>>> print(open('structure_21.cif').read())   # mmCIF, C-alpha atoms and all ligand atoms
data_upload
loop_
_atom_site.label_atom_id
_atom_site.label_comp_id
_atom_site.auth_asym_id
_atom_site.auth_seq_id
_atom_site.Cartn_x
_atom_site.Cartn_y
_atom_site.Cartn_z
CA MET A 1 25.46 -35.69 94.58
CA THR A 2 25.88 -36.37 90.88
CA PRO A 3 23.70 -33.97 88.90
CA LEU A 4 20.96 -35.65 86.95
CA VAL A 5 21.83 -33.64 83.83
CA SER A 6 25.24 -33.18 82.30
CA SER A 7 25.11 -29.40 82.41
CA PRO A 8 23.13 -28.11 85.36
CA GLU A 9 24.31 -24.52 84.72
CA GLN A 10 21.15 -23.65 82.87
CA TYR A 11 19.14 -24.30 86.06
CA ARG A 12 21.26 -21.99 88.19
CA LYS A 13 19.90 -18.57 88.93
CA ALA A 14 22.03 -15.90 90.53
CA ASP A 15 20.73 -16.61 94.02
CA PHE A 16 19.29 -20.12 93.69
CA ASP A 17 21.12 -23.28 92.77
CA VAL A 18 18.86 -26.32 92.95
CA TYR A 19 21.85 -28.68 93.07
CA ARG A 20 23.33 -26.76 96.00
CA VAL A 21 19.98 -26.91 97.79
CA ARG A 22 19.71 -30.66 97.19
CA GLU A 23 22.95 -31.13 99.09
CA ASP A 24 21.02 -30.12 102.24
CA PHE A 25 18.61 -33.07 101.94
CA PRO A 26 20.30 -36.40 102.73
CA ILE A 27 17.38 -38.53 101.53
CA LEU A 28 17.54 -37.06 98.03
CA HIS A 29 20.88 -38.86 97.58
CA ARG A 30 19.50 -42.34 98.07
CA GLU A 31 18.51 -44.85 95.46
CA VAL A 32 15.36 -46.98 95.24
CA TYR A 33 15.37 -50.20 93.23
CA GLY A 34 18.90 -49.24 92.17
CA LYS A 35 17.73 -45.95 90.60
CA PRO A 36 18.18 -42.40 91.92
CA LEU A 37 15.15 -41.37 93.96
CA ILE A 38 12.92 -38.86 92.17
CA TYR A 39 10.63 -37.63 94.88
CA LEU A 40 7.47 -36.04 93.47
CA ASP A 41 5.09 -36.66 96.38
CA ASN A 42 5.70 -33.40 98.20
CA ALA A 43 2.02 -32.63 98.73
CA ALA A 44 1.83 -35.75 100.91
CA THR A 45 4.93 -34.86 102.87
CA THR A 46 8.15 -32.99 102.20
CA GLN A 47 11.72 -34.16 102.79
CA LYS A 48 13.78 -32.77 105.65
CA PRO A 49 16.94 -30.69 105.35
CA ARG A 50 19.92 -31.60 107.54
CA ALA A 51 19.29 -28.42 109.58
CA VAL A 52 15.97 -29.87 110.81
CA ILE A 53 17.36 -33.34 111.51
CA GLU A 54 20.29 -31.79 113.39
CA ALA A 55 18.10 -29.44 115.44
CA ILE A 56 16.07 -32.42 116.70
CA ARG A 57 19.17 -34.48 117.40
CA ARG A 58 20.80 -31.56 119.25
CA TYR A 59 17.65 -30.99 121.31
CA TYR A 60 17.59 -34.62 122.49
CA GLU A 61 21.33 -34.75 123.10
CA GLU A 62 21.66 -31.42 124.91
CA THR A 63 18.36 -30.06 126.20
CA ASN A 64 15.66 -32.71 126.55
CA ALA A 65 13.31 -31.96 129.48
CA ASN A 66 9.62 -31.31 130.01
CA ILE A 67 8.63 -27.67 129.57
CA HIS A 68 6.73 -25.06 131.60
CA ARG A 69 6.88 -27.17 134.78
CA GLY A 70 10.44 -27.68 135.96
CA LEU A 71 12.55 -25.10 137.71
CA HIS A 72 15.74 -26.80 136.68
CA PHE A 73 18.23 -25.72 134.03
CA LEU A 74 17.21 -28.09 131.24
CA SER A 75 13.50 -27.46 131.68
CA GLU A 76 14.04 -23.72 131.50
CA ARG A 77 16.20 -24.09 128.37
CA ALA A 78 13.64 -26.38 126.70
CA THR A 79 10.84 -23.94 127.58
CA GLU A 80 12.81 -21.02 126.14
CA GLN A 81 13.46 -22.88 122.89
CA TYR A 82 9.83 -24.00 122.61
CA GLU A 83 8.45 -20.52 123.21
CA ALA A 84 11.03 -18.96 120.87
CA VAL A 85 9.57 -21.08 118.05
CA ARG A 86 6.11 -19.73 118.89
CA ARG A 87 7.45 -16.20 118.34
CA LYS A 88 9.13 -17.35 115.13
CA ILE A 89 5.80 -18.71 113.83
CA GLN A 90 4.09 -15.47 114.84
CA GLU A 91 6.54 -13.57 112.60
CA PHE A 92 6.37 -16.22 109.87
CA LEU A 93 2.58 -15.76 109.63
CA GLY A 94 2.59 -12.00 110.22
CA ALA A 95 0.45 -12.46 113.36
CA SER A 96 0.08 -9.66 115.91
CA GLU A 97 0.79 -11.68 119.05
CA SER A 98 2.56 -14.94 119.85
CA CYS A 99 -0.33 -16.05 122.10
CA GLU A 100 -2.35 -16.44 118.88
CA VAL A 101 -0.13 -19.37 117.83
CA VAL A 102 -1.36 -22.75 119.12
CA PHE A 103 0.77 -25.85 118.57
CA THR A 104 -1.18 -28.94 117.48
CA ARG A 105 -0.33 -32.31 115.93
CA GLY A 106 -1.00 -31.05 112.42
CA THR A 107 -3.53 -29.40 110.13
CA THR A 108 -6.08 -32.11 110.86
CA GLU A 109 -5.96 -31.50 114.58
CA SER A 110 -5.94 -27.71 114.06
CA ILE A 111 -9.15 -27.90 112.03
CA ASN A 112 -10.77 -30.34 114.47
CA LEU A 113 -9.89 -27.95 117.29
CA VAL A 114 -11.40 -24.93 115.59
CA ALA A 115 -14.47 -26.81 114.29
CA SER A 116 -15.24 -28.33 117.66
CA SER A 117 -14.50 -25.35 119.86
CA LEU A 118 -15.57 -22.46 117.62
CA GLY A 119 -18.53 -24.53 116.43
CA ARG A 120 -19.77 -24.95 120.02
CA LEU A 121 -19.36 -21.22 120.53
CA LEU A 122 -21.02 -20.01 117.32
CA LEU A 123 -23.33 -22.56 115.75
CA GLN A 124 -27.10 -22.82 116.34
CA PRO A 125 -29.63 -25.08 114.58
CA GLY A 126 -30.17 -23.80 111.03
CA ASP A 127 -26.85 -21.93 110.88
CA GLU A 128 -24.61 -22.59 107.90
CA VAL A 129 -20.97 -23.56 107.40
CA VAL A 130 -19.69 -22.89 103.88
CA LEU A 131 -17.01 -25.20 102.43
CA THR A 132 -15.75 -25.60 98.87
CA THR A 133 -15.82 -28.56 96.48
CA MET A 134 -12.03 -28.85 96.56
CA GLU A 135 -11.61 -29.41 100.31
CA HIS A 136 -9.46 -32.17 101.77
CA HIS A 137 -11.44 -34.55 104.00
CA SER A 138 -9.69 -32.86 106.96
CA ASN A 139 -11.63 -29.71 106.15
CA ILE A 140 -14.95 -31.50 105.61
CA VAL A 141 -15.39 -34.20 108.25
CA PRO A 142 -14.69 -32.03 111.35
CA TRP A 143 -17.40 -29.63 110.13
CA GLN A 144 -19.81 -32.52 109.55
CA LEU A 145 -19.24 -33.67 113.12
CA ILE A 146 -19.93 -30.26 114.64
CA CYS A 147 -22.88 -29.63 112.31
CA SER A 148 -24.52 -32.88 113.38
CA ALA A 149 -23.95 -31.95 117.03
CA THR A 150 -25.37 -28.40 116.70
CA GLY A 151 -27.99 -28.71 113.96
CA ALA A 152 -26.05 -26.47 111.58
CA LYS A 153 -25.83 -27.26 107.85
CA ILE A 154 -23.01 -27.47 105.33
CA ARG A 155 -23.24 -25.51 102.07
CA VAL A 156 -20.72 -26.01 99.29
CA VAL A 157 -19.17 -23.52 96.84
CA PRO A 158 -18.89 -25.12 93.37
CA ILE A 159 -15.80 -24.93 91.16
CA ASN A 160 -15.45 -24.50 87.41
CA ASP A 161 -13.87 -26.98 84.97
CA CYS A 162 -10.43 -25.42 85.49
CA GLY A 163 -10.69 -26.06 89.22
CA GLU A 164 -11.33 -22.46 90.31
CA LEU A 165 -13.92 -21.35 92.85
CA CYS A 166 -17.15 -19.94 91.40
CA LEU A 167 -17.22 -16.70 93.34
CA GLU A 168 -20.64 -15.63 92.03
CA ASP A 169 -22.11 -18.81 93.50
CA PHE A 170 -20.24 -18.16 96.73
CA GLU A 171 -21.77 -14.70 96.89
CA ARG A 172 -25.24 -16.19 96.38
CA LEU A 173 -24.66 -18.71 99.21
CA LEU A 174 -23.78 -16.01 101.74
CA ASN A 175 -26.61 -14.97 104.06
CA PRO A 176 -27.10 -13.96 107.70
CA ARG A 177 -27.09 -17.67 108.73
CA THR A 178 -23.56 -18.13 107.30
CA LYS A 179 -21.49 -18.32 110.46
CA ILE A 180 -18.30 -19.98 109.22
CA VAL A 181 -16.51 -20.18 105.86
CA ALA A 182 -13.73 -22.79 105.74
CA LEU A 183 -11.58 -23.19 102.65
CA THR A 184 -8.22 -24.40 101.53
CA HIS A 185 -5.59 -21.86 100.51
CA VAL A 186 -4.04 -24.26 97.97
CA SER A 187 -5.77 -27.43 96.74
CA ASN A 188 -3.73 -30.58 97.37
CA ALA A 189 -5.31 -32.38 94.42
CA LEU A 190 -5.48 -29.56 91.83
CA GLY A 191 -2.85 -27.07 92.88
CA THR A 192 -5.38 -24.21 92.67
CA VAL A 193 -4.39 -21.19 94.75
CA ASN A 194 -7.62 -19.71 96.05
CA PRO A 195 -8.20 -15.95 96.29
CA VAL A 196 -8.41 -16.07 100.08
CA HIS A 197 -8.28 -12.29 100.58
CA GLN A 198 -11.27 -11.82 98.26
CA VAL A 199 -13.17 -14.70 99.88
CA VAL A 200 -12.57 -13.14 103.31
CA GLN A 201 -13.85 -9.77 102.14
CA MET A 202 -17.00 -11.40 100.78
CA ALA A 203 -17.50 -13.51 103.93
CA LYS A 204 -17.15 -10.43 106.11
CA THR A 205 -20.20 -8.83 104.43
CA VAL A 206 -22.25 -11.32 106.51
CA ASN A 207 -19.81 -11.32 109.47
CA ALA A 208 -18.79 -14.93 108.91
CA THR A 209 -15.64 -16.28 110.57
CA VAL A 210 -13.10 -17.52 108.02
CA VAL A 211 -10.95 -20.60 108.64
CA VAL A 212 -8.13 -21.27 106.16
CA ASP A 213 -6.53 -24.68 105.62
CA GLY A 214 -2.96 -23.72 104.76
CA ALA A 215 -1.54 -27.27 104.65
CA GLN A 216 -0.50 -26.97 101.00
CA ALA A 217 0.25 -23.26 100.93
CA VAL A 218 3.13 -22.69 103.34
CA SER A 219 5.68 -24.70 101.35
CA HIS A 220 4.99 -22.71 98.19
CA LEU A 221 4.11 -19.13 99.12
CA PRO A 222 4.57 -16.58 101.89
CA VAL A 223 1.53 -16.21 104.15
CA ASP A 224 0.52 -13.08 106.02
CA VAL A 225 -2.61 -13.67 108.04
CA ARG A 226 -3.20 -9.98 108.60
CA GLN A 227 -3.06 -9.31 104.86
CA LEU A 228 -5.36 -12.26 104.17
CA GLY A 229 -7.77 -10.96 106.82
CA CYS A 230 -8.84 -14.46 107.87
CA ASP A 231 -9.66 -15.48 111.45
CA PHE A 232 -7.89 -18.86 111.63
CA TYR A 233 -5.04 -20.40 109.65
CA ALA A 234 -3.88 -24.02 109.99
CA PHE A 235 -0.81 -25.85 108.69
CA SER A 236 1.37 -28.94 109.29
CA GLY A 237 5.11 -28.97 110.01
CA HIS A 238 5.78 -32.04 107.88
CA LYS A 239 4.56 -30.34 104.71
CA LEU A 240 6.96 -27.44 105.40
CA PHE A 241 10.16 -29.52 105.46
CA GLY A 242 9.74 -30.00 109.22
CA PRO A 243 8.88 -33.02 111.37
CA THR A 244 5.66 -35.00 111.54
CA GLY A 245 3.49 -34.71 114.66
CA ILE A 246 3.53 -30.91 114.80
CA GLY A 247 1.15 -28.36 113.37
CA VAL A 248 -0.04 -24.84 113.96
CA LEU A 249 -3.37 -23.21 114.47
CA TRP A 250 -3.20 -19.45 114.31
CA GLY A 251 -6.36 -17.71 115.52
CA ARG A 252 -7.39 -14.17 116.41
CA ALA A 253 -6.77 -13.67 120.12
CA GLU A 254 -10.31 -12.51 120.91
CA LEU A 255 -11.81 -15.62 119.29
CA LEU A 256 -9.36 -18.02 120.95
CA GLU A 257 -10.10 -16.38 124.29
CA ALA A 258 -13.86 -16.79 123.82
CA MET A 259 -13.63 -20.42 122.67
CA PRO A 260 -14.03 -23.32 125.13
CA PRO A 261 -11.06 -25.72 125.53
CA TYR A 262 -10.77 -28.54 123.02
CA GLN A 263 -9.05 -31.12 125.25
CA GLY A 264 -8.63 -31.26 129.02
CA GLY A 265 -5.56 -32.24 130.99
CA GLY A 266 -2.33 -30.89 132.40
CA GLU A 267 -0.88 -27.57 131.18
CA MET A 268 -4.23 -26.12 130.04
CA ILE A 269 -5.67 -25.36 133.48
CA ARG A 270 -5.24 -22.59 136.02
CA THR A 271 -6.97 -24.38 138.94
CA VAL A 272 -8.59 -27.80 139.37
CA THR A 273 -11.00 -29.08 142.02
CA PHE A 274 -13.36 -32.03 141.73
CA GLU A 275 -16.21 -29.56 141.33
CA GLU A 276 -14.75 -27.40 138.58
CA SER A 277 -11.63 -26.21 136.79
CA THR A 278 -10.52 -22.88 135.40
CA TRP A 279 -8.45 -22.44 132.27
CA ALA A 280 -4.97 -21.17 131.53
CA LYS A 281 -4.60 -18.18 129.24
CA ILE A 282 -4.27 -18.66 125.48
CA PRO A 283 -2.46 -20.36 123.85
CA HIS A 284 -1.90 -22.79 126.77
CA LYS A 285 -5.65 -23.35 127.15
CA PHE A 286 -5.44 -25.28 123.87
CA GLU A 287 -2.23 -27.21 124.57
CA ALA A 288 -3.28 -29.96 126.99
CA GLY A 289 -0.60 -32.43 128.08
CA THR A 290 3.09 -32.60 127.24
CA PRO A 291 3.45 -31.07 123.78
CA PRO A 292 5.69 -32.41 120.98
CA ILE A 293 8.69 -30.35 122.14
CA ALA A 294 11.37 -31.75 119.84
CA GLU A 295 8.98 -31.43 116.91
CA VAL A 296 8.33 -27.77 117.69
CA ILE A 297 12.08 -27.18 117.72
CA GLY A 298 12.40 -29.03 114.42
CA LEU A 299 9.62 -26.86 112.98
CA GLY A 300 11.53 -23.75 114.04
CA ALA A 301 14.59 -25.00 112.15
CA ALA A 302 12.41 -25.74 109.10
CA VAL A 303 11.03 -22.19 109.07
CA ASP A 304 14.55 -20.77 109.31
CA TYR A 305 15.63 -23.00 106.45
CA VAL A 306 12.72 -22.05 104.16
CA LEU A 307 13.20 -18.34 104.82
CA GLN A 308 16.87 -18.67 104.05
CA VAL A 309 16.09 -20.28 100.67
CA GLY A 310 13.51 -17.51 100.22
CA TYR A 311 9.98 -17.57 98.85
CA ALA A 312 10.98 -15.46 95.83
CA ALA A 313 13.45 -18.13 94.69
CA ILE A 314 11.03 -20.94 95.62
CA GLY A 315 8.19 -19.32 93.65
CA GLU A 316 10.32 -18.71 90.57
CA HIS A 317 11.83 -22.20 90.47
CA GLU A 318 8.53 -23.98 91.14
CA ALA A 319 6.73 -21.93 88.48
CA ALA A 320 9.35 -23.11 85.97
CA LEU A 321 8.93 -26.74 87.13
CA LEU A 322 5.15 -26.48 86.82
CA GLU A 323 5.34 -24.97 83.35
CA ARG A 324 7.74 -27.65 82.12
CA ALA A 325 5.69 -30.47 83.65
CA THR A 326 2.43 -29.11 82.25
CA ARG A 327 3.92 -28.70 78.78
CA ALA A 328 5.49 -32.16 78.77
CA LEU A 329 2.46 -34.02 80.11
CA ALA A 330 -0.23 -32.12 78.19
CA THR A 331 1.16 -33.33 74.85
CA ILE A 332 1.01 -37.03 75.79
CA PRO A 333 -1.90 -38.66 73.91
CA GLY A 334 -4.74 -39.80 76.19
CA LEU A 335 -3.47 -37.80 79.16
CA ARG A 336 -5.84 -35.30 80.80
CA ILE A 337 -4.60 -32.83 83.40
CA ILE A 338 -7.21 -32.24 86.11
CA GLY A 339 -6.92 -28.68 87.38
CA ASN A 340 -5.82 -25.82 85.14
CA ALA A 341 -6.40 -22.84 87.39
CA ARG A 342 -4.76 -19.56 86.42
CA GLU A 343 -3.27 -19.33 89.91
CA LYS A 344 -1.68 -22.68 90.53
CA ALA A 345 1.00 -24.18 92.78
CA ALA A 346 3.43 -26.83 91.48
CA VAL A 347 1.01 -29.78 91.52
CA VAL A 348 -0.05 -31.75 88.43
CA SER A 349 -2.93 -34.21 88.74
CA PHE A 350 -3.70 -36.31 85.70
CA VAL A 351 -5.53 -39.32 84.34
CA LEU A 352 -4.47 -41.52 81.46
CA GLU A 353 -7.04 -43.11 79.19
CA GLY A 354 -7.36 -46.85 79.84
CA VAL A 355 -4.82 -46.94 82.70
CA HIS A 356 -5.67 -46.92 86.38
CA PRO A 357 -3.75 -44.24 88.34
CA HIS A 358 -2.46 -46.94 90.71
CA ASP A 359 -0.82 -48.69 87.75
CA ILE A 360 0.83 -45.41 86.73
CA GLY A 361 2.15 -45.02 90.28
CA THR A 362 3.42 -48.59 90.48
CA ILE A 363 5.25 -48.51 87.15
CA LEU A 364 6.85 -45.11 87.90
CA ASP A 365 7.88 -46.37 91.32
CA ARG A 366 9.97 -49.13 89.75
CA ASP A 367 11.96 -46.36 88.04
CA GLY A 368 12.50 -44.63 91.36
CA ILE A 369 9.82 -41.99 90.71
CA ALA A 370 7.56 -41.44 93.72
CA ILE A 371 4.18 -39.94 92.87
CA ARG A 372 0.77 -40.41 94.50
CA ALA A 373 -2.27 -42.11 93.03
CA GLY A 374 -5.72 -42.15 94.56
CA HIS A 375 -8.48 -39.78 95.62
CA HIS A 376 -6.05 -37.60 97.61
CA CYS A 377 -8.52 -37.41 100.52
CA ALA A 378 -10.76 -35.30 98.28
CA GLN A 379 -13.55 -37.65 97.20
CA PRO A 380 -16.14 -34.89 96.52
CA LEU A 381 -13.60 -33.24 94.23
CA MET A 382 -12.99 -36.50 92.35
CA GLN A 383 -16.76 -36.81 91.89
CA ARG A 384 -16.88 -33.26 90.51
CA PHE A 385 -14.41 -34.27 87.79
CA GLY A 386 -16.06 -37.65 87.18
CA VAL A 387 -13.00 -39.70 88.15
CA ALA A 388 -12.38 -42.14 91.01
CA ALA A 389 -8.73 -41.22 91.34
CA THR A 390 -5.87 -39.34 89.69
CA ALA A 391 -2.10 -39.66 89.51
CA ARG A 392 -0.46 -36.64 91.11
CA ALA A 393 3.07 -35.27 90.84
CA SER A 394 3.71 -32.54 93.38
CA PHE A 395 6.94 -30.58 93.34
CA ALA A 396 9.13 -28.79 95.84
CA PHE A 397 11.96 -26.31 95.35
CA TYR A 398 14.53 -29.14 95.44
CA ASN A 399 13.12 -30.82 92.32
CA THR A 400 14.95 -30.41 89.03
CA PHE A 401 13.98 -30.04 85.40
CA SER A 402 15.54 -33.41 84.64
CA GLU A 403 13.24 -34.99 87.24
CA VAL A 404 10.29 -33.45 85.40
CA ASP A 405 11.62 -34.91 82.16
CA ALA A 406 12.04 -38.31 83.83
CA LEU A 407 8.38 -38.14 84.93
CA ALA A 408 7.22 -37.45 81.38
CA ALA A 409 9.42 -40.25 80.02
CA GLY A 410 8.07 -42.57 82.72
CA VAL A 411 4.48 -41.83 81.71
CA GLU A 412 5.35 -42.57 78.06
CA LYS A 413 6.70 -45.90 79.27
CA VAL A 414 3.44 -46.61 81.11
CA ILE A 415 1.59 -46.07 77.82
CA GLU A 416 3.90 -48.53 76.06
CA VAL A 417 3.28 -51.14 78.75
CA PHE A 418 -0.48 -50.80 78.30
CA SER A 419 -0.56 -50.53 74.50
N1 LIG A 501 -5.53 -30.14 104.16
C1 LIG A 501 -4.91 -30.32 103.00
C2 LIG A 501 -5.22 -29.42 101.84
C3 LIG A 501 -3.98 -31.35 102.87
O1 LIG A 501 -3.36 -31.56 101.70
C4 LIG A 501 -3.72 -32.19 103.98
C5 LIG A 501 -2.81 -33.34 103.86
O2 LIG A 501 -2.54 -33.82 102.80
C6 LIG A 501 -4.39 -31.92 105.18
C7 LIG A 501 -5.29 -30.90 105.24
C8 LIG A 501 -4.14 -32.76 106.40
O3 LIG A 501 -2.84 -32.56 106.85
P1 LIG A 501 -2.25 -33.50 108.01
O4 LIG A 501 -2.45 -34.91 107.57
O5 LIG A 501 -0.81 -33.09 108.09
O6 LIG A 501 -3.01 -33.16 109.25
#
>>> encode(input="structure_21.cif", output="structure tokens")
Amino acid sequence: MTPLVSSPEQYRKADFDVYRVREDFPILHREVYGKPLIYLDNAATTQKPRAVIEAIRRYYEETNANIHRGLHFLSERATEQYEAVRRKIQEFLGASESCEVVFTRGTTESINLVASSLGRLLLQPGDEVVLTTMEHHSNIVPWQLICSATGAKIRVVPINDCGELCLEDFERLLNPRTKIVALTHVSNALGTVNPVHQVVQMAKTVNATVVVDGAQAVSHLPVDVRQLGCDFYAFSGHKLFGPTGIGVLWGRAELLEAMPPYQGGGEMIRTVTFEESTWAKIPHKFEAGTPPIAEVIGLGAAVDYVLQVGYAAIGEHEAALLERATRALATIPGLRIIGNAREKAAVVSFVLEGVHPHDIGTILDRDGIAIRAGHHCAQPLMQRFGVAATARASFAFYNTFSEVDALAAGVEKVIEVFS
């Protein structure tokens, strides 16, 4: 593609060339409204490299069959490929065993699974589930549902004005009734990277089970569940440059084994009579019905791709994007950045005096700049900051400095329109 700046050399590091990387993403070459696409909505979903698109195409052209059931060639090949991705995810997350990796439809289903099944196992009336103010609705509503079914209560860890967890308040909330702590690793609306390891250590003083929503983390930073010390970790394939319709729930084997099934159907049983059924071993107990096989294979290709780019290069490039975006936006009169945590992923949420975030989004869109405007499925967080909505630019490793500059110029234009 044609570089967006005349001299891209300055953005080339020895082992990372953003313009080379962009060549791998066909969609980044398209135009919208006659302008080059500037895609800054990566927290909503990420774009797919050719390697992922090709892996799915190849699967359908060469291997497509149902898994685990057939004794024929294609079914065995499809099963091998599907299970190989499970082992890949085990390594990707630093998990001890591949049976701890459950495939789901996405983070939302992973959290619903753990809330419903673990909740039924652990929660009694009066028990407490601790969440944080910055949770996505996907990590609030499933806990509300199980709390109303069991009589447990939700407690909430506050955050400071920078968008960081107040750990002293968290410590005060912990007590012998705290059975579950569920928190996001990286906030989708603020970019805050939470100190999960520290939170786990604190939660373990009262033997609470810790569930981590990793939806926004895996595209930005390497995750090692054993180092984090958590009990469950959830993420979505589509936010990791993979397909939609596939997600992961990692859980400690002993907890997954003790938990009741989440859904019933084929694949998850050992025996069935009309009187009763018995369950397959983990992880199959939690994978009822025909799974999203092609999507699992696409996810495997996405993980390979990300590891080949490398988290060191991703981290370094995204930190530079974040710094440039923060510097450029912070100087615009009337613009307030929401979320200034010390540990922050490449996400910038902001409000502009006298302009609704939807208007910012619409005007930028006409220049080919895709951002998100709204409550970002985090209404309690919006309330905390006294706003109904924000505009949010969220970056990935394929974004360039000139795209950041185009965003800042676009916001200046919005101000002109409204002045
Ligand atoms: N958690 C966080 C922090 C998110 O940002 C999102 C999606 O934006 C989700 C959970 C839900 O992910 P999905 O819609 O892929 O299930």
>>> closest_residue(input="structure_21.cif", among="A:Ser219, A:Ser98, A:Ser138, A:Gln227", to="Gly242 in chain A", atoms="all atoms listed in the file")
A:Ser219
>>> closest_residue(input="structure_21.cif", among="A:Gln216, A:Thr150, A:Asn64, A:Ser96", to="ligand LIG 501 (chain A)", atoms="all atoms listed in the file")
A:Gln216
>>> closest_residue(input="structure_21.cif", among="A:Phe274, A:Phe235, A:Phe103, A:Tyr82", to="ligand LIG 501 (chain A)", atoms="all atoms listed in the file")
A:Phe235
>>> closest_atom_pairs(input="structure_21.cif", of="chain A", to="ligand LIG 501 (chain A)", cutoff="9 Å", atoms="all atoms listed in the file", output="CSV")
residue,atom,partner,partner_atom,distance
A:Ala43,CA,A:LIG501,O2,6.2
A:Ala44,CA,A:LIG501,O2,5.1
A:Thr45,CA,A:LIG501,O2,7.5
A:Arg105,CA,A:LIG501,O6,7.2
A:Gly106,CA,A:LIG501,O6,4.3
A:Thr107,CA,A:LIG501,O6,3.9
A:Thr108,CA,A:LIG501,O6,3.6
A:Glu109,CA,A:LIG501,O6,6.3
A:Ser110,CA,A:LIG501,O6,7.8
A:Ile111,CA,A:LIG501,C7,8.4
A:Met134,CA,A:LIG501,C2,8.6
A:Glu135,CA,A:LIG501,C2,6.6
A:His136,CA,A:LIG501,N1,5.0
A:His137,CA,A:LIG501,C7,7.3
A:Ser138,CA,A:LIG501,C7,5.1
A:Asn139,CA,A:LIG501,N1,6.4
A:Leu183,CA,A:LIG501,C2,8.9
A:Thr184,CA,A:LIG501,C2,5.9
A:His185,CA,A:LIG501,C2,7.7
A:Val186,CA,A:LIG501,C2,6.6
A:Ser187,CA,A:LIG501,C2,5.5
A:Asn188,CA,A:LIG501,O1,4.5
A:Ala189,CA,A:LIG501,O1,7.6
A:Asp213,CA,A:LIG501,N1,5.7
A:Gly214,CA,A:LIG501,C2,6.8
A:Ala215,CA,A:LIG501,C1,4.8
A:Gln216,CA,A:LIG501,C2,5.4
A:Ala217,CA,A:LIG501,C2,8.3
A:Ala234,CA,A:LIG501,C7,8.5
A:Phe235,CA,A:LIG501,O3,7.2
A:Ser236,CA,A:LIG501,O5,4.8
A:Gly237,CA,A:LIG501,O5,7.5
A:His238,CA,A:LIG501,O5,6.7
A:Lys239,CA,A:LIG501,O5,6.9
A:Thr244,CA,A:LIG501,O5,7.6
A:Gly245,CA,A:LIG501,O5,8.0
A:Ile246,CA,A:LIG501,O5,8.3
A:Gly247,CA,A:LIG501,O5,7.4
A:His376,CA,A:LIG501,O2,7.3
A:Cys377,CA,A:LIG501,O2,7.3
A:Ala378,CA,A:LIG501,C2,8.8
>>> atom_distance(input="structure_21.cif", atom1="CA of Gly315 in chain A", atom2="CA of Cys230 in chain A")
22.7 Å
>>> residues_around(input="structure_21.cif", residues="range 353-358 of chain A", least_positions_apart="5", cutoff="6 Å", atoms="only C-alpha atoms", output="list in words")
Gly334, Ala373, Thr390 and Ala391 of chain A
>>> closest_residue(input="structure_21.cif", among="A:Thr362, A:Ser419, A:Ser117, A:Ser349", to="Val387 in chain A", atoms="only C-alpha atoms")
A:Ser349
>>> residues_around(input="structure_21.cif", residues="range 261-268 of chain A", least_positions_apart="3", cutoff="9 Å", atoms="all atoms listed in the file", output="list of chain:residue names")
A:His68, A:Arg69, A:Asn112, A:Leu113, A:Val114, A:Ser116, A:Ser117, A:Thr278, A:Trp279, A:Ala280, A:Lys281, A:Ile282, A:Pro283, A:His284, A:Lys285, A:Phe286, A:Glu287, A:Ala288, A:Gly289, A:Thr290
>>> closest_residue(input="structure_21.cif", among="A:Thr63, A:Gln201, A:Thr209, A:Ser148", to="Lys179 in chain A", atoms="all atoms listed in the file")
A:Thr209
>>> atom_distance(input="structure_21.cif", atom1="CA of Val223 in chain A", atom2="CA of Met202 in chain A")
19.4 Å
>>> residues_around(input="structure_21.cif", residues="Ala328 in chain A", least_positions_apart="4", cutoff="10 Å", atoms="all atoms listed in the file", output="list in words")
Leu322, Glu323, Arg324, Ile332, Val404, Asp405, Leu407, Ala408 and Ala409 of chain A
>>> write_last_selection(input="structure_21.cif", atoms="C-alpha atoms", output="mmCIF file, in the coordinates of the input")
data_model
loop_
_atom_site.group_PDB
_atom_site.id
_atom_site.type_symbol
_atom_site.label_atom_id
_atom_site.label_comp_id
_atom_site.auth_asym_id
_atom_site.auth_seq_id
_atom_site.Cartn_x
_atom_site.Cartn_y
_atom_site.Cartn_z
ATOM 1 C CA LEU A 322 5.150 -26.480 86.820
ATOM 2 C CA GLU A 323 5.340 -24.970 83.350
ATOM 3 C CA ARG A 324 7.740 -27.650 82.120
ATOM 4 C CA ILE A 332 1.010 -37.030 75.790
ATOM 5 C CA VAL A 404 10.290 -33.450 85.400
ATOM 6 C CA ASP A 405 11.620 -34.910 82.160
ATOM 7 C CA LEU A 407 8.380 -38.140 84.930
ATOM 8 C CA ALA A 408 7.220 -37.450 81.380
ATOM 9 C CA ALA A 409 9.420 -40.250 80.020
#
>>> closest_residue(input="structure_21.cif", among="A:His220, A:Glu171, A:Glu316, A:Arg336", to="Val193 in chain A", atoms="only C-alpha atoms")
A:His220
>>> residues_around(input="structure_21.cif", residues="Ile293 in chain A", least_positions_apart="4", cutoff="10 Å", atoms="all atoms listed in the file", output="CSV table (one decimal) with C-alpha atoms, keeping the file's coordinate frame")
chain,number,residue,atom,x,y,z
A,56,ILE,CA,16.1,-32.4,116.7
A,59,TYR,CA,17.6,-31.0,121.3
A,60,TYR,CA,17.6,-34.6,122.5
A,64,ASN,CA,15.7,-32.7,126.6
A,65,ALA,CA,13.3,-32.0,129.5
A,66,ASN,CA,9.6,-31.3,130.0
A,67,ILE,CA,8.6,-27.7,129.6
A,78,ALA,CA,13.6,-26.4,126.7
A,79,THR,CA,10.8,-23.9,127.6
A,81,GLN,CA,13.5,-22.9,122.9
A,82,TYR,CA,9.8,-24.0,122.6
A,83,GLU,CA,8.4,-20.5,123.2
A,103,PHE,CA,0.8,-25.8,118.6
A,246,ILE,CA,3.5,-30.9,114.8
A,297,ILE,CA,12.1,-27.2,117.7
A,298,GLY,CA,12.4,-29.0,114.4
A,299,LEU,CA,9.6,-26.9,113.0
